[in-house]
Each structure stands twice: as structure tokens, then as C-alpha cells.
$ cat structure35.cif   # mmCIF, C-alpha atoms and all ligand atoms
data_upload
#
loop_
_atom_site.group_PDB
_atom_site.id
_atom_site.type_symbol
_atom_site.label_atom_id
_atom_site.label_comp_id
_atom_site.auth_asym_id
_atom_site.auth_seq_id
_atom_site.Cartn_x
_atom_site.Cartn_y
_atom_site.Cartn_z
ATOM 1 C CA MET A 219 135.789 39.640 187.871
ATOM 2 C CA LEU A 220 135.045 39.903 184.167
ATOM 3 C CA VAL A 221 131.458 41.036 183.637
ATOM 4 C CA SER A 222 129.294 42.209 180.744
ATOM 5 C CA GLY A 223 129.158 45.853 179.761
ATOM 6 C CA LYS A 224 125.395 45.619 180.154
ATOM 7 C CA GLU A 225 125.718 44.680 183.831
ATOM 8 C CA VAL A 226 128.005 47.565 184.864
ATOM 9 C CA LEU A 227 126.074 50.161 182.886
ATOM 10 C CA ARG A 228 122.692 48.951 184.142
ATOM 11 C CA ASP A 229 123.811 49.566 187.723
ATOM 12 C CA ALA A 230 125.230 52.991 186.804
ATOM 13 C CA LEU A 231 121.953 53.949 185.120
ATOM 14 C CA GLU A 232 119.901 52.869 188.130
ATOM 15 C CA LYS A 233 122.129 54.547 190.715
ATOM 16 C CA LYS A 234 122.955 57.634 188.634
ATOM 17 C CA TYR A 235 126.736 57.456 188.443
ATOM 18 C CA ALA A 236 129.134 56.816 185.542
ATOM 19 C CA VAL A 237 131.484 53.929 184.937
ATOM 20 C CA PRO A 238 134.884 55.294 183.917
ATOM 21 C CA ALA A 239 136.269 53.632 180.784
ATOM 22 C CA PHE A 240 140.042 53.676 180.324
ATOM 23 C CA ASN A 241 141.960 52.691 177.203
ATOM 24 C CA PHE A 242 144.848 50.251 177.547
ATOM 25 C CA THR A 243 147.619 48.921 175.337
ATOM 26 C CA ASN A 244 150.100 47.286 177.682
ATOM 27 C CA MET A 245 150.538 45.629 181.064
ATOM 28 C CA GLU A 246 151.596 48.657 183.136
ATOM 29 C CA ASN A 247 148.775 50.734 181.702
ATOM 30 C CA LEU A 248 146.281 47.983 182.581
ATOM 31 C CA GLN A 249 147.696 47.381 186.057
ATOM 32 C CA ALA A 250 147.361 51.093 186.846
ATOM 33 C CA ILE A 251 143.662 50.983 185.886
ATOM 34 C CA ILE A 252 142.895 47.830 187.873
ATOM 35 C CA ASP A 253 144.913 48.875 190.942
ATOM 36 C CA GLY A 254 143.144 52.246 190.979
ATOM 37 C CA ALA A 255 139.715 50.623 190.591
ATOM 38 C CA GLU A 256 140.404 48.107 193.366
ATOM 39 C CA GLU A 257 141.667 50.818 195.707
ATOM 40 C CA MET A 258 138.503 52.843 195.107
ATOM 41 C CA ASN A 259 136.204 49.811 195.059
ATOM 42 C CA SER A 260 134.872 50.925 191.681
ATOM 43 C CA PRO A 261 133.565 49.060 188.646
ATOM 44 C CA VAL A 262 135.529 49.970 185.564
ATOM 45 C CA ILE A 263 135.563 49.428 181.815
ATOM 46 C CA ILE A 264 138.875 48.579 180.155
ATOM 47 C CA GLN A 265 138.798 49.326 176.465
ATOM 48 C CA THR A 266 140.850 48.805 173.336
ATOM 49 C CA THR A 267 140.734 50.693 170.058
ATOM 50 C CA GLN A 268 141.416 48.944 166.767
ATOM 51 C CA GLY A 269 144.776 50.760 166.798
ATOM 52 C CA ALA A 270 145.650 49.230 170.176
ATOM 53 C CA ILE A 271 144.693 45.815 168.823
ATOM 54 C CA ARG A 272 146.930 46.308 165.779
ATOM 55 C CA TYR A 273 149.772 47.419 168.073
ATOM 56 C CA ALA A 274 149.598 44.637 170.671
ATOM 57 C CA GLY A 275 147.805 41.837 168.792
ATOM 58 C CA PHE A 276 144.198 40.691 169.220
ATOM 59 C CA GLU A 277 144.879 37.449 171.103
ATOM 60 C CA TYR A 278 147.514 39.095 173.266
ATOM 61 C CA LEU A 279 145.181 41.905 174.387
ATOM 62 C CA ALA A 280 142.386 39.382 174.963
ATOM 63 C CA ASP A 281 144.599 37.326 177.287
ATOM 64 C CA LEU A 282 145.878 40.441 179.049
ATOM 65 C CA GLY A 283 142.468 42.079 179.502
ATOM 66 C CA LYS A 284 140.507 38.972 180.441
ATOM 67 C CA GLY A 285 143.250 37.643 182.716
ATOM 68 C CA ALA A 286 143.515 40.917 184.612
ATOM 69 C CA ALA A 287 139.733 41.277 184.883
ATOM 70 C CA GLN A 288 139.196 37.725 186.104
ATOM 71 C CA ARG A 289 141.745 38.253 188.880
ATOM 72 C CA ALA A 290 140.352 41.643 189.932
ATOM 73 C CA LYS A 291 138.237 42.199 193.036
ATOM 74 C CA VAL A 292 135.934 44.645 191.240
ATOM 75 C CA PRO A 293 133.595 44.180 188.228
ATOM 76 C CA ILE A 294 135.394 44.843 184.959
ATOM 77 C CA ALA A 295 133.993 44.882 181.422
ATOM 78 C CA LEU A 296 136.220 44.499 178.358
ATOM 79 C CA HIS A 297 135.050 46.885 175.632
ATOM 80 C CA LEU A 298 135.928 47.503 171.977
ATOM 81 C CA ASP A 299 136.290 51.285 171.604
ATOM 82 C CA HIS A 300 135.459 52.923 168.243
ATOM 83 C CA GLY A 301 135.123 49.664 166.338
ATOM 84 C CA THR A 302 134.530 50.611 162.715
ATOM 85 C CA ASP A 303 135.087 47.267 160.955
ATOM 86 C CA LEU A 304 132.721 44.335 161.421
ATOM 87 C CA GLU A 305 135.640 41.903 161.377
ATOM 88 C CA TYR A 306 136.918 43.475 164.638
ATOM 89 C CA HIS A 307 133.491 43.044 166.268
ATOM 90 C CA LEU A 308 133.239 39.418 165.232
ATOM 91 C CA LYS A 309 136.736 38.604 166.428
ATOM 92 C CA ALA A 310 136.255 40.519 169.682
ATOM 93 C CA ILE A 311 133.100 38.483 170.356
ATOM 94 C CA ARG A 312 134.955 35.250 169.614
ATOM 95 C CA LEU A 313 137.856 36.215 171.914
ATOM 96 C CA GLY A 314 135.649 37.200 174.867
ATOM 97 C CA TRP A 315 135.156 40.985 174.767
ATOM 98 C CA THR A 316 132.027 41.677 176.839
ATOM 99 C CA SER A 317 130.980 44.985 175.277
ATOM 100 C CA LEU A 318 131.254 46.535 171.797
ATOM 101 C CA MET A 319 131.160 49.975 170.252
ATOM 102 C CA ILE A 320 130.247 50.364 166.606
ATOM 103 C CA ASP A 321 131.273 53.799 165.407
ATOM 104 C CA ALA A 322 129.648 54.726 162.117
ATOM 105 C CA SER A 323 129.221 58.358 163.159
ATOM 106 C CA LYS A 324 131.075 59.642 160.100
ATOM 107 C CA CYS A 325 128.319 58.183 157.872
ATOM 108 C CA ASP A 326 124.980 59.817 157.135
ATOM 109 C CA PHE A 327 122.098 59.048 159.532
ATOM 110 C CA GLU A 328 120.535 56.164 157.568
ATOM 111 C CA THR A 329 123.868 54.468 156.882
ATOM 112 C CA ASN A 330 124.841 54.841 160.555
ATOM 113 C CA VAL A 331 121.503 53.225 161.539
ATOM 114 C CA ASN A 332 121.969 50.320 159.103
ATOM 115 C CA ILE A 333 125.550 49.586 160.224
ATOM 116 C CA VAL A 334 124.636 49.760 163.932
ATOM 117 C CA ARG A 335 121.631 47.469 163.396
ATOM 118 C CA GLN A 336 123.859 44.855 161.798
ATOM 119 C CA VAL A 337 126.170 44.746 164.847
ATOM 120 C CA VAL A 338 123.263 44.909 167.332
ATOM 121 C CA GLU A 339 121.570 41.911 165.674
ATOM 122 C CA ILE A 340 124.677 39.765 166.024
ATOM 123 C CA ALA A 341 125.721 40.989 169.506
ATOM 124 C CA HIS A 342 122.265 40.681 171.089
ATOM 125 C CA VAL A 343 122.022 37.001 170.175
ATOM 126 C CA LEU A 344 125.015 36.564 172.480
ATOM 127 C CA ASP A 345 123.716 39.066 175.062
ATOM 128 C CA ILE A 346 126.589 41.477 174.369
ATOM 129 C CA SER A 347 125.772 45.180 174.643
ATOM 130 C CA VAL A 348 126.456 47.674 171.873
ATOM 131 C CA GLU A 349 127.423 51.347 172.137
ATOM 132 C CA ALA A 350 126.812 53.506 169.064
ATOM 133 C CA GLU A 351 127.674 57.137 168.306
ATOM 134 C CA LEU A 352 125.558 59.913 166.871
ATOM 135 C CA GLY A 353 126.918 63.346 166.050
ATOM 136 C CA VAL A 354 130.584 64.120 165.468
ATOM 137 C CA ILE A 355 133.152 64.484 168.267
ATOM 138 C CA ALA A 356 136.102 66.652 167.262
ATOM 139 C CA GLY A 357 139.748 65.615 167.669
ATOM 140 C CA LYS A 358 141.636 62.370 167.062
ATOM 141 C CA GLU A 359 141.316 58.928 168.664
ATOM 142 C CA ASP A 360 143.382 56.406 166.688
ATOM 143 C CA ASP A 361 141.452 55.684 163.459
ATOM 144 C CA ILE A 362 138.792 58.318 164.192
ATOM 145 C CA GLU A 363 139.520 61.955 163.365
ATOM 146 C CA SER A 364 137.524 65.117 162.777
ATOM 147 C CA ASP A 365 138.372 68.830 162.687
ATOM 148 C CA VAL A 366 134.787 69.804 163.340
ATOM 149 C CA ALA A 367 132.200 68.940 165.977
ATOM 150 C CA ILE A 368 128.541 68.328 165.119
ATOM 151 C CA TYR A 369 126.418 68.211 168.266
ATOM 152 C CA THR A 370 123.843 65.429 168.627
ATOM 153 C CA GLU A 371 120.276 66.630 168.076
ATOM 154 C CA VAL A 372 117.715 65.440 170.641
ATOM 155 C CA GLN A 373 115.113 64.247 168.122
ATOM 156 C CA ASP A 374 117.791 62.497 166.027
ATOM 157 C CA ALA A 375 118.936 60.624 169.136
ATOM 158 C CA VAL A 376 115.366 59.435 169.812
ATOM 159 C CA LYS A 377 114.887 58.279 166.206
ATOM 160 C CA PHE A 378 118.328 56.645 166.157
ATOM 161 C CA TYR A 379 117.678 54.724 169.363
ATOM 162 C CA ASN A 380 114.247 53.544 168.193
ATOM 163 C CA GLU A 381 115.644 52.377 164.856
ATOM 164 C CA THR A 382 118.821 50.672 166.122
ATOM 165 C CA ASN A 383 117.967 49.344 169.596
ATOM 166 C CA CYS A 384 121.535 50.132 170.688
ATOM 167 C CA ASP A 385 122.256 49.683 174.413
ATOM 168 C CA SER A 386 124.168 52.910 175.015
ATOM 169 C CA LEU A 387 124.805 56.037 172.995
ATOM 170 C CA ALA A 388 127.857 58.274 172.656
ATOM 171 C CA ILE A 389 126.699 61.838 172.085
ATOM 172 C CA ALA A 390 128.550 64.924 170.881
ATOM 173 C CA VAL A 391 128.032 67.699 173.442
ATOM 174 C CA GLY A 392 131.250 69.713 173.281
ATOM 175 C CA THR A 393 134.087 67.416 174.354
ATOM 176 C CA ALA A 394 136.932 66.512 171.969
ATOM 177 C CA HIS A 395 139.349 63.588 171.686
ATOM 178 C CA GLY A 396 142.992 64.354 172.546
ATOM 179 C CA VAL A 397 144.498 67.524 174.040
ATOM 180 C CA TYR A 398 142.202 70.570 174.294
ATOM 181 C CA LYS A 399 143.363 73.690 172.498
ATOM 182 C CA GLY A 400 140.872 76.056 174.095
ATOM 183 C CA GLU A 401 138.453 76.199 176.976
ATOM 184 C CA VAL A 402 136.182 73.163 177.458
ATOM 185 C CA LYS A 403 132.473 73.858 177.014
ATOM 186 C CA ILE A 404 129.859 71.176 177.559
ATOM 187 C CA ASP A 405 126.191 71.500 176.645
ATOM 188 C CA PHE A 406 124.749 70.032 179.861
ATOM 189 C CA ASP A 407 121.165 70.945 178.868
ATOM 190 C CA ARG A 408 121.507 68.833 175.751
ATOM 191 C CA ILE A 409 122.619 65.836 177.857
ATOM 192 C CA ARG A 410 119.580 66.305 180.114
ATOM 193 C CA GLU A 411 117.188 66.676 177.187
ATOM 194 C CA ILE A 412 118.475 63.545 175.440
ATOM 195 C CA LYS A 413 118.349 61.570 178.696
ATOM 196 C CA GLN A 414 114.763 62.657 179.309
ATOM 197 C CA GLU A 415 113.756 61.230 175.936
ATOM 198 C CA ILE A 416 115.820 58.035 175.956
ATOM 199 C CA ASN A 417 116.625 56.608 179.361
ATOM 200 C CA ILE A 418 119.659 54.530 178.346
ATOM 201 C CA PRO A 419 123.323 54.952 179.377
ATOM 202 C CA LEU A 420 124.758 57.986 177.586
ATOM 203 C CA VAL A 421 128.497 58.064 176.909
ATOM 204 C CA LEU A 422 130.927 60.986 177.077
ATOM 205 C CA HIS A 423 134.002 60.631 174.853
ATOM 206 C CA GLY A 424 137.052 62.895 174.804
ATOM 207 C CA SER A 425 137.033 63.403 178.556
ATOM 208 C CA SER A 426 140.761 63.952 179.157
ATOM 209 C CA GLY A 427 141.421 67.566 180.048
ATOM 210 C CA VAL A 428 137.816 68.149 181.125
ATOM 211 C CA PRO A 429 137.896 69.581 184.675
ATOM 212 C CA GLU A 430 136.641 67.081 187.260
ATOM 213 C CA TYR A 431 133.753 69.312 188.362
ATOM 214 C CA MET A 432 132.484 69.324 184.772
ATOM 215 C CA ILE A 433 132.674 65.536 184.588
ATOM 216 C CA GLY A 434 130.592 65.486 187.794
ATOM 217 C CA LYS A 435 128.046 67.842 186.258
ATOM 218 C CA ALA A 436 127.874 65.724 183.080
ATOM 219 C CA VAL A 437 127.203 62.656 185.249
ATOM 220 C CA GLU A 438 124.446 64.505 187.137
ATOM 221 C CA SER A 439 122.961 65.492 183.754
ATOM 222 C CA GLY A 440 122.710 61.851 182.626
ATOM 223 C CA ILE A 441 126.092 60.493 181.483
ATOM 224 C CA ASN A 442 126.746 56.879 182.620
ATOM 225 C CA LYS A 443 130.067 56.069 180.902
ATOM 226 C CA VAL A 444 133.038 58.432 180.625
ATOM 227 C CA ASN A 445 135.998 57.654 178.331
ATOM 228 C CA PHE A 446 139.571 58.596 179.254
ATOM 229 C CA ASP A 447 142.675 57.914 177.203
ATOM 230 C CA THR A 448 144.969 60.911 176.566
ATOM 231 C CA GLU A 449 145.422 61.831 180.232
ATOM 232 C CA LEU A 450 146.766 58.361 181.012
ATOM 233 C CA LYS A 451 149.183 58.603 178.078
ATOM 234 C CA LEU A 452 150.372 62.059 179.192
ATOM 235 C CA ALA A 453 150.847 60.978 182.832
ATOM 236 C CA ASN A 454 152.835 57.978 181.651
ATOM 237 C CA LEU A 455 155.067 60.060 179.387
ATOM 238 C CA LYS A 456 155.640 62.785 181.976
ATOM 239 C CA ALA A 457 156.661 60.301 184.666
ATOM 240 C CA MET A 458 158.936 58.463 182.238
ATOM 241 C CA THR A 459 160.659 61.631 181.024
ATOM 242 C CA LYS A 460 161.166 62.859 184.590
ATOM 243 C CA PHE A 461 162.629 59.546 185.766
ATOM 244 C CA ILE A 462 165.008 59.232 182.818
ATOM 245 C CA GLU A 463 166.200 62.834 183.227
ATOM 246 C CA GLU A 464 166.815 62.290 186.943
ATOM 247 C CA ASN A 465 168.351 58.813 186.516
ATOM 248 C CA PRO A 466 170.235 58.828 183.213
ATOM 249 C CA ASN A 467 172.198 55.673 184.094
ATOM 250 C CA VAL A 468 169.274 53.414 184.966
ATOM 251 C CA TYR A 469 168.597 50.862 182.236
ATOM 252 C CA ASP A 470 166.348 48.463 184.167
ATOM 253 C CA VAL A 471 162.956 49.224 182.605
ATOM 254 C CA ARG A 472 161.115 47.977 185.686
ATOM 255 C CA LYS A 473 162.532 50.952 187.593
ATOM 256 C CA ILE A 474 161.410 53.293 184.817
ATOM 257 C CA PHE A 475 157.900 51.812 184.505
ATOM 258 C CA LYS A 476 157.143 51.874 188.236
ATOM 259 C CA PRO A 477 156.681 55.664 188.585
ATOM 260 C CA CYS A 478 154.775 55.636 185.277
ATOM 261 C CA ARG A 479 152.337 53.060 186.645
ATOM 262 C CA ASN A 480 151.893 55.096 189.837
ATOM 263 C CA ALA A 481 151.270 58.300 187.872
ATOM 264 C CA MET A 482 148.609 56.583 185.725
ATOM 265 C CA LYS A 483 146.987 55.094 188.828
ATOM 266 C CA GLU A 484 146.658 58.592 190.342
ATOM 267 C CA VAL A 485 144.806 59.738 187.216
ATOM 268 C CA VAL A 486 142.522 56.687 187.435
ATOM 269 C CA ILE A 487 141.643 57.453 191.064
ATOM 270 C CA LYS A 488 140.894 61.096 190.250
ATOM 271 C CA LYS A 489 138.581 60.114 187.401
ATOM 272 C CA ILE A 490 136.770 57.478 189.473
ATOM 273 C CA LYS A 491 135.957 60.150 192.058
ATOM 274 C CA ALA A 492 134.726 62.520 189.323
ATOM 275 C CA CYS A 493 132.456 59.776 187.916
ATOM 276 C CA LYS A 494 131.124 59.024 191.436
ATOM 277 C CA SER A 495 131.756 55.315 190.878
ATOM 278 C CA ASP A 496 133.811 54.816 194.081
ATOM 279 C CA ASN A 497 132.337 52.200 196.414
ATOM 280 C CA LYS A 498 129.861 51.081 193.730
ATOM 281 C CA SER A 499 131.425 47.694 193.001
HETATM 282 P P1 LIG B 1 140.500 61.280 175.437
HETATM 283 O O1 LIG B 1 141.734 60.713 174.809
HETATM 284 O O2 LIG B 1 140.255 62.685 175.071
HETATM 285 O O3 LIG B 1 140.453 61.014 176.883
HETATM 286 O O4 LIG B 1 139.260 60.468 174.789
HETATM 287 C C1 LIG B 1 139.158 59.106 175.013
HETATM 288 C C2 LIG B 1 138.005 58.527 174.296
HETATM 289 O O5 LIG B 1 136.993 59.155 174.107
HETATM 290 C C3 LIG B 1 138.106 57.113 173.893
HETATM 291 O O6 LIG B 1 137.025 56.715 173.131
#
$ encode --input "structure35.cif" --output "C-alpha cells"
Amino acid sequence: MLVSGKEVLRDALEKKYAVPAFNFTNMENLQAIIDGAEEMNSPVIIQTTQGAIRYAGFEYLADLGKGAAQRAKVPIALHLDHGTDLEYHLKAIRLGWTSLMIDASKCDFETNVNIVRQVVEIAHVLDISVEAELGVIAGKEDDIESDVAIYTEVQDAVKFYNETNCDSLAIAVGTAHGVYKGEVKIDFDRIREIKQEINIPLVLHGSSGVPEYMIGKAVESGINKVNFDTELKLANLKAMTKFIEENPNVYDVRKIFKPCRNAMKEVVIKKIKACKSDNKS
């Protein structure tokens, strides 16, 4: 069923687990997420970046996401990931997205606060929850890119939350978007300290390539939403390359997409277990 982001994250906050959030751009990608979530009896967030919307079309992704969620046996929220332009938020609301992220993290503190407030004011009238971001997460996720990481300061997070009234907060604690070049290091103490001060769902971005035990530790420290994108893309590509190499004469794309969908579903199941969201639907 299609549910609000608020509903799935409220339960995760209360029961101390994280809802995995997976990016999608096409049908096979989405089916892998939903099949995996149903098999594990887990709530899940399906999310689209502005880049995915430009690629597939706003209305098309709305139909795909909402249709799949409404048919699913588990609670599913449809979320706008890294929305930077107000026009995307307004259109997402109109088309039925049930959760929004406003990412103004590249701006200075006051500007970030003012932009987030604007989206919160509109979204809360319609009871739609808003995720914001404070600090800078390194790496690249569609329109968002940074070579450096700036960790979120505890007192800044408190001030930011009090001034914006956002529903959830993405914090920079060591993860990076995309493929990791070095060893992953997460500042678990910082997660705990922020959570102690503001008891709202905290969000971990850039979670592909983070070992599962570390995801588990981040969840125990206070993370309630974990974003995964790159690992699904890599699993898809690897399965596709392997199939085409082994079956150079097959031109029926359904045969090519099937192992890709299975490979993505395996990733989904692994991440659900790491987030401890299995059997929480
Ligand atoms: P990864 O691509 O590193 O998994 O990050 C996804 C993400 O944070 C989406 O917002």
C-alpha cells in the first residue's frame, strides 16, 4: 500500500530500526525493490531524484511508483530524493509523492534554513513530511556533487531543527555518494550525540559500499532511514554484462532483464536485513 513517509519513519523511530530507501528509474528496478520488500515483509521507501524524473518523466514515474506501491503487500512511501528546486516539490505534491527531501545543504546555514522552511510550510499543510540535509556529504548523486565532506555539528543540527521544523534530517557522518575510493569510516558517536539532542528520524545517505555490519551499527546509533542507489545500479550492470557475454545471440530483452532484476532483488534483501526492517511491515 502507498503510505506517507511520516508513517513509516514514525514506526522506525519508535521501534529503533531503519527504513531502507532505494532509488528507482524503471520498471525492473522498481519490481526488484518491491519483490524484495514483500519477501522480507519490510516497509520500504522508493525514491526518485530530479535526474530520474528528467530521464523517465514526472507523470510516468508517478504512475509507476504509485501503481506499484498501491499493489504491494507492504507499506511503501514515495519520496523525492535531493529535491533542490521548489517546482519539483510542488509538482511531486500534486502528483502524489508522499514524502519530500529539500536539499539546500550547499548553501550557508541561514539560507539552508530559509529554503527548508519554505518547503516545510507548504508540505505540512498537506501533512507531507520533509527531509532536510545539514553538512556536506562527499561524492556524486545526480545533480548533487561535492569533493569534500563537512560533518554535521551537533549544536548546528539542534539549531537547524528548531528553526526549520523539518521531519527528518540527513547528516554527514562519513559516508559518500557513489563508489568508495578508500575505507569507509563512520562517526557513530556523532550520530548518537545528534540523536540524543533531537529525537527525530536521522537519515544516512551514500550507503552503497558500506559494510552491512556498519549499517547495523549506524541504525543502533540512531539512523532511521538508509539510502541506497549505486549498489543497485552496479548489480544491474554486472548481471547484464554477464548475461550478454554468456548469451551473445539473445536479443529478447526480457531474458536479459530477468537476471538483472534478480541481482537487484538480492541487494535489496541484504540491505533490508542490515536495516533490521524485516518483519516490520
Ligand atoms: P549511494 O548511491 O551511495 O547508495 O547513495 C544513495 C543516496 O544517498 C541517495 O540519496
$ atom_distance --input "structure35.cif" --atom1 "atom CA of Asn332 of chain A" --atom2 "atom CA of Glu415 of chain A"
21.7 Å
$ residues_near_ligand --input "structure35.cif" --ligand "ligand LIG 1 (chain B)" --cutoff "6 Å" --atoms "all atoms listed in the file" --output "VMD selection string"
chain A and resid 299 394 to 396 423 to 426 445 to 448
$ closest_residue --input "structure35.cif" --among "A:Ala481, A:Val331, A:Ala453, A:Ile311" --to "Asp345 of chain A" --atoms "all atoms listed in the file"
A:Ile311
$ resolve_selection --input "structure35.cif" --expression "the PyMOL selection byres (((chain A and resi 342) around 12) and not hetatm)" --output "VMD selection string"
chain A and resid 224 311 316 to 318 334 to 341 343 to 349 382 to 385
$ closest_residue --input "structure35.cif" --among "A:Lys491, A:Ile333, A:Lys473, A:Ala239" --to "Leu422 of chain A" --atoms "all atoms listed in the file"
A:Ala239
$ resolve_selection --input "structure35.cif" --expression "the PyMOL selection byres (((chain A and resi 355) around 10) and not hetatm)" --output "PyMOL selection string"
chain A and resi 323-324+351-354+356-359+362-370+388-395+422-424
$ atom_distance --input "structure35.cif" --atom1 "atom CA of Cys493 of chain A" --atom2 "atom CA of Glu232 of chain A"
14.3 Å
$ residues_near_point --input "structure35.cif" --point "(135.5, 54.3, 165.7)" --cutoff "6 Å" --atoms "all atoms listed in the file" --output "list in words"
His300, Gly301, Thr302, Asp321 and Ile362 of chain A
$ resolve_selection --input "structure35.cif" --expression "the PyMOL selection byres (((chain A and resi 276) around 12) and not hetatm)" --output "PyMOL selection string"
chain A and resi 243+266-275+277-284+298+305-315
$ atom_distance --input "structure35.cif" --atom1 "atom CA of Val226 of chain A" --atom2 "atom CA of Asn380 of chain A"
22.4 Å
$ build_atoms --input "structure35.cif" --residues "segment 392-407 of chain A" --atoms "N, CA, C and O atoms" --output "PDB file, in the coordinates of the input"
ATOM      1  N   GLY A 392     130.234  68.687 173.068  1.00  0.00           N
ATOM      2  CA  GLY A 392     131.250  69.713 173.281  1.00  0.00           C
ATOM      3  C   GLY A 392     132.641  69.194 173.619  1.00  0.00           C
ATOM      4  O   GLY A 392     133.616  69.947 173.529  1.00  0.00           O
ATOM      5  N   THR A 393     132.743  67.939 174.038  1.00  0.00           N
ATOM      6  CA  THR A 393     134.087  67.416 174.354  1.00  0.00           C
ATOM      7  C   THR A 393     134.809  67.060 173.053  1.00  0.00           C
ATOM      8  O   THR A 393     134.195  66.961 171.996  1.00  0.00           O
ATOM      9  N   ALA A 394     136.139  66.862 173.154  1.00  0.00           N
ATOM     10  CA  ALA A 394     136.932  66.512 171.969  1.00  0.00           C
ATOM     11  C   ALA A 394     137.986  65.480 172.346  1.00  0.00           C
ATOM     12  O   ALA A 394     138.534  65.520 173.454  1.00  0.00           O
ATOM     13  N   HIS A 395     138.285  64.569 171.437  1.00  0.00           N
ATOM     14  CA  HIS A 395     139.349  63.588 171.686  1.00  0.00           C
ATOM     15  C   HIS A 395     140.719  64.275 171.684  1.00  0.00           C
ATOM     16  O   HIS A 395     140.946  65.209 170.918  1.00  0.00           O
ATOM     17  N   GLY A 396     141.622  63.830 172.541  1.00  0.00           N
ATOM     18  CA  GLY A 396     142.992  64.354 172.546  1.00  0.00           C
ATOM     19  C   GLY A 396     143.153  65.544 173.474  1.00  0.00           C
ATOM     20  O   GLY A 396     142.385  65.731 174.421  1.00  0.00           O
ATOM     21  N   VAL A 397     144.165  66.377 173.168  1.00  0.00           N
ATOM     22  CA  VAL A 397     144.498  67.524 174.040  1.00  0.00           C
ATOM     23  C   VAL A 397     143.658  68.737 173.617  1.00  0.00           C
ATOM     24  O   VAL A 397     143.590  69.064 172.428  1.00  0.00           O
ATOM     25  N   TYR A 398     143.026  69.395 174.603  1.00  0.00           N
ATOM     26  CA  TYR A 398     142.202  70.570 174.294  1.00  0.00           C
ATOM     27  C   TYR A 398     143.070  71.760 173.922  1.00  0.00           C
ATOM     28  O   TYR A 398     144.077  72.017 174.573  1.00  0.00           O
ATOM     29  N   LYS A 399     142.624  72.488 172.891  1.00  0.00           N
ATOM     30  CA  LYS A 399     143.363  73.690 172.498  1.00  0.00           C
ATOM     31  C   LYS A 399     142.785  74.910 173.206  1.00  0.00           C
ATOM     32  O   LYS A 399     143.493  75.804 173.581  1.00  0.00           O
ATOM     33  N   GLY A 400     141.508  74.905 173.424  1.00  0.00           N
ATOM     34  CA  GLY A 400     140.872  76.056 174.095  1.00  0.00           C
ATOM     35  C   GLY A 400     140.158  75.631 175.351  1.00  0.00           C
ATOM     36  O   GLY A 400     140.430  74.569 175.903  1.00  0.00           O
ATOM     37  N   GLU A 401     139.228  76.473 175.766  1.00  0.00           N
ATOM     38  CA  GLU A 401     138.453  76.199 176.976  1.00  0.00           C
ATOM     39  C   GLU A 401     137.399  75.113 176.693  1.00  0.00           C
ATOM     40  O   GLU A 401     136.817  75.091 175.604  1.00  0.00           O
ATOM     41  N   VAL A 402     137.175  74.229 177.654  1.00  0.00           N
ATOM     42  CA  VAL A 402     136.182  73.163 177.458  1.00  0.00           C
ATOM     43  C   VAL A 402     134.781  73.712 177.725  1.00  0.00           C
ATOM     44  O   VAL A 402     134.546  74.349 178.754  1.00  0.00           O
ATOM     45  N   LYS A 403     133.874  73.444 176.802  1.00  0.00           N
ATOM     46  CA  LYS A 403     132.473  73.858 177.014  1.00  0.00           C
ATOM     47  C   LYS A 403     131.598  72.646 176.757  1.00  0.00           C
ATOM     48  O   LYS A 403     131.703  72.013 175.705  1.00  0.00           O
ATOM     49  N   ILE A 404     130.752  72.332 177.721  1.00  0.00           N
ATOM     50  CA  ILE A 404     129.859  71.176 177.559  1.00  0.00           C
ATOM     51  C   ILE A 404     128.413  71.653 177.603  1.00  0.00           C
ATOM     52  O   ILE A 404     128.046  72.466 178.454  1.00  0.00           O
ATOM     53  N   ASP A 405     127.611  71.140 176.693  1.00  0.00           N
ATOM     54  CA  ASP A 405     126.191  71.500 176.645  1.00  0.00           C
ATOM     55  C   ASP A 405     125.422  70.545 177.578  1.00  0.00           C
ATOM     56  O   ASP A 405     124.879  69.523 177.142  1.00  0.00           O
ATOM     57  N   PHE A 406     125.388  70.904 178.863  1.00  0.00           N
ATOM     58  CA  PHE A 406     124.749  70.032 179.861  1.00  0.00           C
ATOM     59  C   PHE A 406     123.237  69.910 179.616  1.00  0.00           C
ATOM     60  O   PHE A 406     122.660  68.845 179.835  1.00  0.00           O
ATOM     61  N   ASP A 407     122.611  70.997 179.138  1.00  0.00           N
ATOM     62  CA  ASP A 407     121.165  70.945 178.868  1.00  0.00           C
ATOM     63  C   ASP A 407     120.853  69.884 177.831  1.00  0.00           C
ATOM     64  O   ASP A 407     119.873  69.162 177.926  1.00  0.00           O
TER      65      ASP A 407
END
